[in-house]
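Below is the file protein-v2.pdb, which contains PDB, C-alpha atoms.
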```pdb
ATOM      1  CA  ASP K   1     157.295 160.121  61.603
ATOM      2  CA  GLY K   2     155.351 162.145  59.096
ATOM      3  CA  GLY K   3     156.032 161.584  55.449
ATOM      4  CA  ILE K   4     155.283 159.876  52.185
ATOM      5  CA  THR K   5     155.992 156.205  51.681
ATOM      6  CA  GLN K   6     156.123 154.284  48.448
ATOM      7  CA  SER K   7     156.347 150.566  47.986
ATOM      8  CA  PRO K   8     157.956 148.545  46.711
ATOM      9  CA  LYS K   9     161.292 150.259  46.153
ATOM     10  CA  TYR K  10     162.062 148.003  43.187
ATOM     11  CA  LEU K  11     159.530 146.168  41.057
ATOM     12  CA  PHE K  12     160.012 143.793  38.184
ATOM     13  CA  ARG K  13     157.185 143.009  35.817
ATOM     14  CA  LYS K  14     156.745 140.701  32.902
ATOM     15  CA  GLU K  15     155.267 142.125  29.748
ATOM     16  CA  GLY K  16     151.488 141.913  29.727
ATOM     17  CA  GLN K  17     151.105 142.144  33.493
ATOM     18  CA  ASN K  18     149.399 144.891  35.426
ATOM     19  CA  VAL K  19     151.197 146.122  38.541
ATOM     20  CA  THR K  20     150.130 148.483  41.311
ATOM     21  CA  LEU K  21     152.476 150.937  43.008
ATOM     22  CA  SER K  22     151.584 152.045  46.497
ATOM     23  CA  CYS K  23     151.743 155.620  47.805
ATOM     24  CA  GLU K  24     150.729 156.543  51.353
ATOM     25  CA  GLN K  25     151.076 159.846  53.213
ATOM     26  CA  ASN K  26     150.374 160.804  56.822
ATOM     27  CA  LEU K  27     150.890 164.534  56.330
ATOM     28  CA  ASN K  28     147.158 165.240  56.069
ATOM     29  CA  HIS K  29     147.768 166.657  52.593
ATOM     30  CA  ASP K  30     144.780 167.058  50.309
ATOM     31  CA  ALA K  31     146.572 166.820  46.973
ATOM     32  CA  MET K  32     148.576 163.895  45.643
ATOM     33  CA  TYR K  33     150.468 163.387  42.404
ATOM     34  CA  TRP K  34     152.153 160.675  40.360
ATOM     35  CA  TYR K  35     155.148 161.417  38.162
ATOM     36  CA  ARG K  36     157.319 159.373  35.906
ATOM     37  CA  GLN K  37     161.028 160.100  35.446
ATOM     38  CA  ASP K  38     163.105 158.725  32.595
ATOM     39  CA  PRO K  39     166.867 159.247  32.138
ATOM     40  CA  GLY K  40     167.617 162.683  30.710
ATOM     41  CA  GLN K  41     164.026 163.825  31.064
ATOM     42  CA  GLY K  42     162.222 165.873  33.608
ATOM     43  CA  LEU K  43     159.387 164.639  35.750
ATOM     44  CA  ARG K  44     156.229 164.087  33.751
ATOM     45  CA  LEU K  45     152.820 164.167  35.403
ATOM     46  CA  ILE K  46     150.719 161.013  35.092
ATOM     47  CA  TYR K  47     147.723 161.735  37.356
ATOM     48  CA  TYR K  48     146.863 164.051  40.189
ATOM     49  CA  SER K  49     144.144 164.206  42.807
ATOM     50  CA  GLN K  50     143.051 167.313  44.642
ATOM     51  CA  ILE K  51     140.488 165.636  46.861
ATOM     52  CA  VAL K  52     139.222 162.195  47.815
ATOM     53  CA  ASN K  53     137.239 160.400  45.107
ATOM     54  CA  ASP K  54     138.415 162.811  42.430
ATOM     55  CA  PHE K  55     141.440 162.750  40.129
ATOM     56  CA  GLN K  56     142.552 164.219  36.806
ATOM     57  CA  LYS K  57     144.785 163.026  34.009
ATOM     58  CA  GLY K  58     148.185 164.563  33.590
ATOM     59  CA  ASP K  59     150.232 164.769  30.424
ATOM     60  CA  ILE K  60     150.981 161.044  30.080
ATOM     61  CA  ALA K  61     147.992 159.205  31.594
ATOM     62  CA  GLU K  62     147.598 156.617  28.835
ATOM     63  CA  GLY K  63     148.244 153.102  30.122
ATOM     64  CA  TYR K  64     147.885 154.119  33.791
ATOM     65  CA  SER K  65     145.017 154.197  36.262
ATOM     66  CA  VAL K  66     144.603 155.530  39.793
ATOM     67  CA  SER K  67     142.122 155.635  42.647
ATOM     68  CA  ARG K  68     141.706 157.957  45.611
ATOM     69  CA  GLU K  69     139.370 156.260  48.054
ATOM     70  CA  LYS K  70     141.169 157.576  51.130
ATOM     71  CA  LYS K  71     142.936 160.849  51.750
ATOM     72  CA  GLU K  72     146.114 159.030  52.737
ATOM     73  CA  SER K  73     146.397 156.714  49.762
ATOM     74  CA  PHE K  74     146.844 157.201  46.006
ATOM     75  CA  PRO K  75     147.823 153.914  44.313
ATOM     76  CA  LEU K  76     148.945 153.823  40.691
ATOM     77  CA  THR K  77     148.298 150.867  38.423
ATOM     78  CA  VAL K  78     150.555 150.408  35.428
ATOM     79  CA  THR K  79     148.548 148.429  32.924
ATOM     80  CA  SER K  80     149.684 146.242  30.069
ATOM     81  CA  ALA K  81     148.582 149.032  27.732
ATOM     82  CA  GLN K  82     151.528 151.164  28.838
ATOM     83  CA  LYS K  83     154.077 150.511  26.113
ATOM     84  CA  ASN K  84     157.269 151.638  27.851
ATOM     85  CA  PRO K  85     156.665 151.265  31.578
ATOM     86  CA  THR K  86     160.293 150.928  32.699
ATOM     87  CA  ALA K  87     160.957 154.112  34.663
ATOM     88  CA  PHE K  88     161.346 155.687  38.091
ATOM     89  CA  TYR K  89     157.920 156.492  39.544
ATOM     90  CA  LEU K  90     157.545 159.272  42.072
ATOM     91  CA  CYS K  91     154.568 160.076  44.254
ATOM     92  CA  ALA K  92     154.182 163.536  45.750
ATOM     93  CA  SER K  93     151.733 165.387  47.941
ATOM     94  CA  SER K  94     150.953 168.987  48.827
ATOM     95  CA  ILE K  95     148.846 170.669  51.492
ATOM     96  CA  GLY K  96     146.152 172.055  49.272
ATOM     97  CA  TRP K  97     144.931 171.970  45.740
ATOM     98  CA  THR K  98     146.630 175.218  44.861
ATOM     99  CA  THR K  99     150.262 174.944  43.945
ATOM    100  CA  ASP K 100     151.730 174.580  47.367
ATOM    101  CA  THR K 101     155.106 172.952  47.692
ATOM    102  CA  GLN K 102     155.102 169.326  46.632
ATOM    103  CA  TYR K 103     156.941 166.798  48.777
ATOM    104  CA  PHE K 104     158.134 163.557  47.256
ATOM    105  CA  GLY K 105     158.200 159.962  48.373
ATOM    106  CA  PRO K 106     161.330 157.836  47.876
ATOM    107  CA  GLY K 107     160.165 156.443  44.539
ATOM    108  CA  THR K 108     159.609 153.039  42.948
ATOM    109  CA  ARG K 109     161.860 151.809  40.173
ATOM    110  CA  LEU K 110     159.855 149.638  37.789
ATOM    111  CA  THR K 111     161.593 147.361  35.312
ATOM    112  CA  VAL K 112     159.795 145.359  32.658
ATOM    113  CA  LEU K 113     161.547 142.119  31.828
TER     114      LEU K 113
ATOM    115  CA  GLN J   1     158.925 174.902  22.959
ATOM    116  CA  LYS J   2     159.255 173.188  26.313
ATOM    117  CA  GLU J   3     157.376 174.696  29.212
ATOM    118  CA  VAL J   4     160.469 174.757  31.421
ATOM    119  CA  GLU J   5     164.018 174.755  30.107
ATOM    120  CA  GLN J   6     167.290 174.220  31.904
ATOM    121  CA  ASN J   7     170.829 173.669  30.690
ATOM    122  CA  SER J   8     171.499 169.986  31.273
ATOM    123  CA  GLY J   9     175.152 170.595  32.082
ATOM    124  CA  PRO J  10     177.209 169.105  33.462
ATOM    125  CA  LEU J  11     178.245 172.195  35.354
ATOM    126  CA  SER J  12     181.507 171.867  37.242
ATOM    127  CA  VAL J  13     182.716 174.322  39.855
ATOM    128  CA  PRO J  14     185.604 174.148  42.342
ATOM    129  CA  GLU J  15     184.844 173.802  46.022
ATOM    130  CA  GLY J  16     184.114 177.187  47.590
ATOM    131  CA  ALA J  17     183.004 178.800  44.334
ATOM    132  CA  ILE J  18     179.544 180.088  43.392
ATOM    133  CA  ALA J  19     177.403 177.803  41.256
ATOM    134  CA  SER J  20     174.774 179.476  39.094
ATOM    135  CA  LEU J  21     171.830 177.499  37.761
ATOM    136  CA  ASN J  22     169.290 178.965  35.365
ATOM    137  CA  CYS J  23     165.773 178.139  34.277
ATOM    138  CA  THR J  24     163.387 179.737  31.780
ATOM    139  CA  TYR J  25     159.670 179.114  31.474
ATOM    140  CA  SER J  26     156.986 179.772  28.893
ATOM    141  CA  ASP J  27     153.772 180.343  30.889
ATOM    142  CA  ARG J  28     153.511 184.058  31.702
ATOM    143  CA  GLY J  29     150.730 183.277  34.173
ATOM    144  CA  SER J  30     152.905 181.141  36.442
ATOM    145  CA  GLN J  31     153.044 182.404  40.006
ATOM    146  CA  SER J  32     155.005 179.807  41.964
ATOM    147  CA  PHE J  33     158.530 178.564  41.354
ATOM    148  CA  PHE J  34     160.561 175.897  43.071
ATOM    149  CA  TRP J  35     164.069 174.469  43.085
ATOM    150  CA  TYR J  36     164.602 170.820  43.986
ATOM    151  CA  ARG J  37     167.827 168.886  44.462
ATOM    152  CA  GLN J  38     167.985 165.262  43.372
ATOM    153  CA  TYR J  39     170.836 162.930  44.193
ATOM    154  CA  SER J  40     171.396 160.001  41.868
ATOM    155  CA  GLY J  41     168.793 157.289  42.434
ATOM    156  CA  LYS J  42     166.903 159.355  45.008
ATOM    157  CA  SER J  43     163.753 161.442  44.962
ATOM    158  CA  PRO J  44     163.759 165.250  44.648
ATOM    159  CA  GLU J  45     163.990 167.286  47.831
ATOM    160  CA  LEU J  46     162.898 170.906  48.070
ATOM    161  CA  ILE J  47     165.584 173.571  48.340
ATOM    162  CA  MET J  48     163.610 176.771  47.906
ATOM    163  CA  SER J  49     160.391 178.264  46.709
ATOM    164  CA  ILE J  50     159.966 181.786  45.341
ATOM    165  CA  TYR J  51     156.831 183.679  44.421
ATOM    166  CA  SER J  52     157.824 187.353  44.012
ATOM    167  CA  ASN J  53     160.261 189.132  41.747
ATOM    168  CA  GLY J  54     163.687 189.631  43.250
ATOM    169  CA  ASP J  55     165.979 187.593  45.436
ATOM    170  CA  LYS J  56     165.250 185.169  48.236
ATOM    171  CA  GLU J  57     168.076 183.913  50.394
ATOM    172  CA  ASP J  58     168.259 180.822  52.577
ATOM    173  CA  GLY J  59     171.679 180.022  53.951
ATOM    174  CA  ARG J  60     174.063 179.404  51.065
ATOM    175  CA  PHE J  61     171.220 179.378  48.547
ATOM    176  CA  THR J  62     169.708 182.372  46.755
ATOM    177  CA  ALA J  63     166.804 182.113  44.359
ATOM    178  CA  GLN J  64     166.220 184.919  41.881
ATOM    179  CA  LEU J  65     162.990 185.512  39.966
ATOM    180  CA  ASN J  66     162.310 187.817  37.039
ATOM    181  CA  LYS J  67     158.755 187.332  35.795
ATOM    182  CA  ALA J  68     159.079 189.889  33.003
ATOM    183  CA  SER J  69     161.954 187.929  31.490
ATOM    184  CA  GLN J  70     160.453 184.613  32.546
ATOM    185  CA  TYR J  71     163.498 183.217  34.241
ATOM    186  CA  VAL J  72     164.367 181.924  37.643
ATOM    187  CA  SER J  73     167.840 181.129  38.886
ATOM    188  CA  LEU J  74     169.539 179.498  41.844
ATOM    189  CA  LEU J  75     172.897 180.572  43.232
ATOM    190  CA  ILE J  76     174.843 178.307  45.545
ATOM    191  CA  ARG J  77     177.577 180.111  47.448
ATOM    192  CA  ASP J  78     180.595 178.381  48.969
ATOM    193  CA  SER J  79     179.814 175.230  46.984
ATOM    194  CA  GLN J  80     180.573 171.951  48.725
ATOM    195  CA  PRO J  81     181.146 168.475  47.262
ATOM    196  CA  SER J  82     177.888 167.443  48.941
ATOM    197  CA  ASP J  83     176.092 169.908  46.646
ATOM    198  CA  SER J  84     176.939 167.654  43.694
ATOM    199  CA  ALA J  85     173.523 166.594  42.392
ATOM    200  CA  THR J  86     170.955 167.352  39.723
ATOM    201  CA  TYR J  87     168.931 170.510  40.313
ATOM    202  CA  LEU J  88     165.363 170.593  39.052
ATOM    203  CA  CYS J  89     163.399 173.749  38.376
ATOM    204  CA  ALA J  90     159.617 173.449  38.821
ATOM    205  CA  VAL J  91     157.065 176.013  37.660
ATOM    206  CA  GLU J  92     153.396 176.156  38.549
ATOM    207  CA  HIS J  93     150.931 175.914  35.684
ATOM    208  CA  ASP J  94     147.215 176.668  35.656
ATOM    209  CA  GLY J  95     147.082 176.757  39.431
ATOM    210  CA  ASN J  96     147.019 173.009  39.867
ATOM    211  CA  GLN J  97     150.167 171.355  38.568
ATOM    212  CA  PHE J  98     153.895 171.804  38.132
ATOM    213  CA  TYR J  99     156.052 171.529  35.060
ATOM    214  CA  PHE J 100     159.597 170.359  35.708
ATOM    215  CA  GLY J 101     162.730 171.071  33.752
ATOM    216  CA  THR J 102     165.070 168.250  32.782
ATOM    217  CA  GLY J 103     167.530 169.315  35.456
ATOM    218  CA  THR J 104     171.087 170.627  35.575
ATOM    219  CA  SER J 105     173.809 168.285  36.768
ATOM    220  CA  LEU J 106     176.240 170.011  39.126
ATOM    221  CA  THR J 107     179.633 168.651  40.150
ATOM    222  CA  VAL J 108     181.639 170.397  42.864
ATOM    223  CA  ILE J 109     185.306 169.522  42.572
ATOM    224  CA  PRO J 110     187.235 169.267  45.874
TER     225      PRO J 110
END
```
How does the structure come out when it is put into structure tokens?
Amino acid sequence: DGGITQSPKYLFRKEGQNVTLSCEQNLNHDAMYWYRQDPGQGLRLIYYSQIVNDFQKGDIAEGYSVSREKKESFPLTVTSAQKNPTAFYLCASSIGWTTDTQYFGPGTRLTVL
Amino acid sequence: QKEVEQNSGPLSVPEGAIASLNCTYSDRGSQSFFWYRQYSGKSPELIMSIYSNGDKEDGRFTAQLNKASQYVSLLIRDSQPSDSATYLCAVEHDGNQFYFGTGTSLTVIP
């Protein structure tokens, strides 16, 4: 099956810990994105990558880091510097680096205890 | 001013009626527009994309775009209870990212 997978589905973190959210796609898409969704707010862009070994900050990159070592994978690390990390995190991908349709993974719900 | 604005709702319509969802955007240079549906606790799924002024129909869904007035809308005909969800409007910005609205919550009453 082609698609985007995210793991884990639920993640609990203690304050002060770094955690890494996984995003994998087998759609052969060049571009990948990370969004954060909070109740009552739209999706906000954290980071995006248009090609392997290259990525750009989105609107709310502070406290997050990413890597893009393989075309299929775009992991997101939520660091202890992120002050309000509890949210629903969504990974997306699109065919090219122009604004083709973005397709979303199932999401990871992160809760800080 | 937000880049993309939607009425948060909730919007309630009876089963079989037409639901009308609206979205305005601020970037006059935007060229691509998308409607996503998001069920509670799930990720967004694409309903339609539209790139040119006018209407685009796909089954019970019609997207309408007016670039001069900077609005895009989604009509859902013959609304079904399964259409009850939050509808997100997404607008391309600078050729490399989307801005999303906060979404409109739709409830279809049987």
**Item:** Residues selected by the PyMOL selection byres ((chain J) within 6 of (chain K)), written as a PyMOL selection string
**Value:** chain J and resi 43+95-96+100-102
**Asked** Could you write out as a ChimeraX atom specification the residues that the PyMOL selection byres ((chain J and resi 40) around 12) matches in the shown file?
**Response** /K:39,88,106 /J:37-39,41-45,83-87,103,105-106
**Request:** May I ask for the distance between atom CA of J:Leu11 and atom CA of J:Gly54, given in Å to one decimal place?
**Result:**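 Interatomic distance, atom CA of J:Leu11 to atom CA of J:Gly54: 24.0 Å.
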**Asked** Can you tell me, as a list in words, what residues are no more than 8 Å from K:Ser80 when counting only C-alpha atoms, ignoring any on the same chain fewer than 6 positions away?
**Response**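 That gives Glu15, Gly16, Gln17, Asn18 and Gly63 of chain K.
Atom CA of J:Ile47 is found 13.1 Å from atom CA of J:Gln64.
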**Item:** Selection under test: the PyMOL selection byres ((chain J and resi 52) around 12); residues as a VMD selection string
**Value:** chain J and resid 30 to 34 49 to 51 53 to 56 63 to 68 72
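For K:Leu27, the residues within 8 Å (counting only C-alpha atoms, excluding itself and residues fewer than 2 positions away along the chain) are Gly2, Gly3, Ile4, Gln25 and His29 of chain K.
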**Request:** Record the distance separating atom CA of K:Glu69 and atom CA of K:Ser22, expressed in Å with one decimal.
**Result:**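 Interatomic distance here is 13.0 Å.
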Repaired coordinates for stretch 50-68 of chain K (N, CA and C atoms) as a compact mmCIF listing (two decimals), in the coordinates of the input:
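part22.txt was written with the following content:
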```
# COMPACT_ATOMS: atom_id res chain seq x y z
N GLN K 50 143.12 166.16 43.74
CA GLN K 50 143.05 167.31 44.64
C GLN K 50 142.19 167.02 45.86
N ILE K 51 141.40 165.95 45.77
CA ILE K 51 140.49 165.64 46.86
C ILE K 51 140.08 164.17 46.74
N VAL K 52 139.65 163.60 47.83
CA VAL K 52 139.22 162.20 47.82
C VAL K 52 138.13 161.97 46.78
N ASN K 53 138.22 160.83 46.12
CA ASN K 53 137.24 160.40 45.11
C ASN K 53 137.23 161.27 43.86
N ASP K 54 138.31 161.99 43.64
CA ASP K 54 138.42 162.81 42.43
C ASP K 54 139.86 162.82 41.97
N PHE K 55 140.09 162.68 40.67
CA PHE K 55 141.44 162.75 40.13
C PHE K 55 141.36 163.18 38.67
N GLN K 56 142.48 163.72 38.18
CA GLN K 56 142.55 164.22 36.81
C GLN K 56 143.77 163.64 36.10
N LYS K 57 143.66 163.50 34.81
CA LYS K 57 144.78 163.03 34.01
C LYS K 57 145.84 164.12 33.88
N GLY K 58 147.08 163.68 33.91
CA GLY K 58 148.18 164.56 33.59
C GLY K 58 148.56 164.44 32.12
N ASP K 59 149.80 164.74 31.81
CA ASP K 59 150.23 164.77 30.42
C ASP K 59 150.43 163.39 29.80
N ILE K 60 150.66 162.37 30.63
CA ILE K 60 150.98 161.04 30.08
C ILE K 60 150.16 159.95 30.77
N ALA K 61 148.85 160.12 30.84
CA ALA K 61 147.99 159.21 31.59
C ALA K 61 147.72 157.89 30.87
N GLU K 62 147.95 157.83 29.58
CA GLU K 62 147.60 156.62 28.84
C GLU K 62 148.37 155.41 29.35
N GLY K 63 147.62 154.32 29.63
CA GLY K 63 148.24 153.10 30.12
C GLY K 63 148.36 153.04 31.64
N TYR K 64 147.86 154.06 32.32
CA TYR K 64 147.88 154.12 33.79
C TYR K 64 146.47 154.32 34.33
N SER K 65 146.27 153.89 35.58
CA SER K 65 145.02 154.20 36.26
C SER K 65 145.31 154.44 37.74
N VAL K 66 144.43 155.21 38.38
CA VAL K 66 144.60 155.53 39.79
C VAL K 66 143.26 155.45 40.50
N SER K 67 143.32 155.49 41.82
CA SER K 67 142.12 155.64 42.65
C SER K 67 142.48 156.51 43.83
N ARG K 68 141.47 157.13 44.42
CA ARG K 68 141.71 157.96 45.61
C ARG K 68 140.50 157.76 46.54
```
